[in-house]
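Written out below as structure tokens is the structure these notes cover.
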Amino acid sequence: MTTAFVFPGQGSAYAGMAKELLALRPDLADTYYRTADDLLGIPLAGVCLDGSPRDLDDPAVAQPAIFLTSMAVLEVLRGEGLRPDAVAGHSLGEYAALVAAGVLEWTEALWLVRLRGELVATVGDRVGSATAAVIGPSRAELARICAEARAATGQVVEVAGDNEPRQTVVSGQAEAVARATDAARAAGARVEWLRTGGPFHSSLLGEAEAEFTETLIATEFRDPVVPLVSGVTGGWVTSAAEAAVALRGQLTSPVRWTGAVGTLAASGVDRFVEVGPGRVLGGLVRRILPGARVHSTHTPDRLALAVDELTATAA
């Protein structure tokens, strides 16, 4: 089988997300979490071990916490001698994918993740943002609904991502998002509100994108050593320059996860390992590719099962 490691975004966060893993591998707390505490000056180890759901309301905290948990799980997989044939990440998960592909050092990616969360939280507080997943309508139909909501409210609401063929994310200012989701419900859609802390993947982040770009310019990117698919374009990233361009546009560009998974499948990938907390991403992959083999790693038991199966097929 051909295997991709895929890395989850903010929707996979939950309080105490690393507690069980660090109980078994306390060395990872020093390697990643306490090192990150010292670098960023925030108690990420505490959030990931014994935090409350409210700790995760701030994307400047939640996003580094998710990233670090993905790094810890990746370390376990690497320690077992397991290497992916390709990697990709959903939204925030793209930063972990860049580390797995050799494009960024994990501490470099951590700084970028923290800055990204801070910038988005600032915009979200200023404009009054909301994000929702809409299940049912096509992307084109939802784009039409968003256009009508913008015209009616004078506020921004946009399609922010295609998670799978029947699930599309909308993001923007709260009143416009509410109007768009009400219209979608009236047309038979199901709506799930997402706690993101800001209008990710929308034009509202244009100012933040400009500031973020200044930091990207000062960051050393390297050519991928593992095949890498971008969640921004849904296509392959083959150079350091392409990776930097993808990250620069990620704040304001919609996530193209359906396209990214399709690109991996077209290259022969038929097994996906969700590296990090939660099972959200695995569910999306299953709905995009019903025949794919999907492993989660969000508990020690699931991680051990994934290691056993990956090791057995690699032998």
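We name chains A, B, ... following the order of the structure tokens; residues begin at 1 in each chain, and ligands are numbered from 1 as shown.
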
ask   = Among region 132-194 of chain A, which residues carry a DSSP assignment of helix (DSSP H, G or I), reported as a PyMOL selection string?
value = chain A and resi 139-153+174-186

Please build the interface table for region 201-294 of chain A against region 71-88 of chain A with a cut-off of 8 Å, listing for each qualifying residue the nearest atom pair and the distance in Å to one decimal; count only C-alpha atoms, order rows by chain and increasing number, and write it as a tab-separated table.
```
residue	atom	partner	partner_atom	distance
A:Val226	CA	A:Ala86	CA	5.9
A:Pro227	CA	A:Ala86	CA	4.7
A:Leu228	CA	A:Val87	CA	5.1
A:Val229	CA	A:Ala88	CA	5.1
A:Ser230	CA	A:Ala88	CA	6.3
A:Gly231	CA	A:Ala88	CA	7.0
A:Ala260	CA	A:Ala88	CA	7.5
A:Leu264	CA	A:Ala86	CA	7.6
A:Val269	CA	A:Asp85	CA	7.9
A:Val275	CA	A:Val73	CA	6.1
A:Gly276	CA	A:Val73	CA	5.9
```

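The environment of region 122-135 of chain A within 7 Å, counting only C-alpha atoms and disregarding residues fewer than 5 places along the same chain, consists of A:Arg166, A:Gln167, A:Thr168, A:Val169, A:Val170, A:Ser171, A:Gly172, A:Gln173, A:Ala174, A:Val177, A:Ala189, A:Arg190, A:Val191, A:Glu192, A:Trp193, A:Leu194, A:Thr196, A:Gly197, A:Gly198, A:Pro199, A:Leu205.
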
Can those selected residues be exported to a file as a JSON list (two decimals), in the first residue's frame so that it contains C-alpha atoms?
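selection-v2.json was written with the following content:
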```json
[["chain", "number", "residue", "atom", "x", "y", "z"],
["A", 166, "ARG", "CA", -21.03, 17.54, 0.53],
["A", 167, "GLN", "CA", -19.43, 19.60, 3.29],
["A", 168, "THR", "CA", -18.39, 23.19, 2.62],
["A", 169, "VAL", "CA", -17.14, 25.75, 5.14],
["A", 170, "VAL", "CA", -18.23, 29.39, 5.17],
["A", 171, "SER", "CA", -16.39, 32.12, 7.05],
["A", 172, "GLY", "CA", -16.78, 35.85, 7.56],
["A", 173, "GLN", "CA", -18.59, 38.38, 9.72],
["A", 174, "ALA", "CA", -21.15, 37.02, 12.13],
["A", 177, "VAL", "CA", -22.59, 34.10, 8.14],
["A", 189, "ALA", "CA", -28.83, 21.92, 4.55],
["A", 190, "ARG", "CA", -27.43, 20.95, 7.93],
["A", 191, "VAL", "CA", -25.17, 23.47, 9.68],
["A", 192, "GLU", "CA", -22.45, 22.89, 12.25],
["A", 193, "TRP", "CA", -20.88, 25.93, 13.92],
["A", 194, "LEU", "CA", -17.10, 25.79, 14.24],
["A", 196, "THR", "CA", -12.13, 28.81, 15.20],
["A", 197, "GLY", "CA", -11.65, 32.18, 16.88],
["A", 198, "GLY", "CA", -11.41, 34.10, 13.62],
["A", 199, "PRO", "CA", -12.46, 34.31, 9.95],
["A", 205, "LEU", "CA", -7.51, 38.45, 6.60]]
```

ask   = Val47 (chain A): which residues within 9 Å, counting only C-alpha atoms, same-chain residues fewer than 2 positions away excluded, as a list in words?
value = Ala15, Gly16, Met17, Ala18, Pro43, Leu44, Ala45, Leu49, Asp50, Gly51, Ser52, Asp55, Leu56, Val61, Ala62 and Ala65 of chain A

If you keep C-alpha atoms, can you produce a file of those selected residues as a short mmCIF file (atom, residue, chain, number, x, y, z; two decimals), in the first residue's frame?
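Wrote it out as result.cif, contents follow:
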```
data_model
loop_
_atom_site.label_atom_id
_atom_site.label_comp_id
_atom_site.auth_asym_id
_atom_site.auth_seq_id
_atom_site.Cartn_x
_atom_site.Cartn_y
_atom_site.Cartn_z
CA ALA A 15 -8.93 19.59 26.13
CA GLY A 16 -6.24 17.21 27.37
CA MET A 17 -5.50 16.09 23.82
CA ALA A 18 -2.00 14.83 24.68
CA PRO A 43 1.64 27.06 29.06
CA LEU A 44 0.99 24.70 26.17
CA ALA A 45 2.02 21.65 28.18
CA LEU A 49 -2.40 17.73 29.57
CA ASP A 50 -5.10 19.18 31.80
CA GLY A 51 -6.57 22.19 30.02
CA SER A 52 -10.23 23.12 29.77
CA ASP A 55 -8.35 27.33 26.88
CA LEU A 56 -8.86 26.40 23.25
CA VAL A 61 -3.16 28.88 22.00
CA ALA A 62 -5.23 26.17 20.31
CA ALA A 65 -1.27 22.99 20.90
#
```

request  = Return as a count of residues only the full set of residues in region 124-313 of chain A whose backbone-based DSSP assignment is strand (DSSP E).
outcome  = 41

note = Using only C-alpha atoms, the shortest atom-to-atom distance to Ile288 (chain A) among A:Pro64, A:Gly234, A:Gly262, A:Pro59 belongs to A:Gly262

query = Taking only C-alpha atoms into account, which of A:Ser70, A:Thr153, A:Thr313, A:Gln250 comes nearest Val99 (chain A)?
reply =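 Looking only at the distances to Val99 (chain A), the closest residue turns out to be A:Ser70.
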
inquiry  = I'd like the neighbourhood of Asp270 (chain A) as an MDAnalysis selection string, where a residue qualifies if any of its atoms comes within 8 Å (using only C-alpha atoms), though same-chain residues fewer than 6 positions away should be ignored.
reply    = chainID A and resid 1:3 291:293

Save out the residues we just selected, C-alpha atoms, as a PDB file, in the first residue's frame.
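Dumped everything to selection-v9.pdb:
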```pdb
ATOM      1  CA  MET A   1       0.000   0.000   0.000  1.00  0.00           C
ATOM      2  CA  THR A   2       1.029   3.597  -0.592  1.00  0.00           C
ATOM      3  CA  THR A   3       0.711   5.733   2.526  1.00  0.00           C
ATOM      4  CA  GLY A 291     -12.371   2.629  -0.367  1.00  0.00           C
ATOM      5  CA  ALA A 292      -9.318   4.120   1.323  1.00  0.00           C
ATOM      6  CA  ARG A 293      -7.722   2.625   4.405  1.00  0.00           C
TER       7      ARG A 293
END
```

request  = Considering only C-alpha atoms, return as an NGL selection string whatever protein or nucleic-acid residues lie within 10 Å of Pro277 (chain A), sequence-local ones (same chain, fewer than 6 positions apart) excluded.
outcome  = :A and (7-14 or 16-18 or 65-70 or 73 or 296-299)

request  = Give the answer as one residue: which of A:Val157, A:Thr238, A:Thr35, A:Arg116 has the shortest atom-to-atom distance to Phe221 (chain A), using only C-alpha atoms?
outcome  =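 Using only C-alpha atoms, the shortest distance to Phe221 (chain A) belongs to A:Thr238.
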
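The space separating CA of Val232 (chain A) from CA of Tyr95 (chain A) comes to 12.0 Å.
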
key: Which residue of A:Val225, A:Leu115, A:Leu142, A:Ala36 approaches Thr213 (chain A) most closely, using only C-alpha atoms   = A:Leu115

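If you look at CA of Thr233 (chain A) and CA of Val285 (chain A), they are 17.1 Å away from each other.
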
query = Hey, can you check how far CA of Gly206 (chain A) sits from CA of Val237 (chain A)?
reply =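 Rounded to one decimal, the two atoms are 23.0 Å apart.
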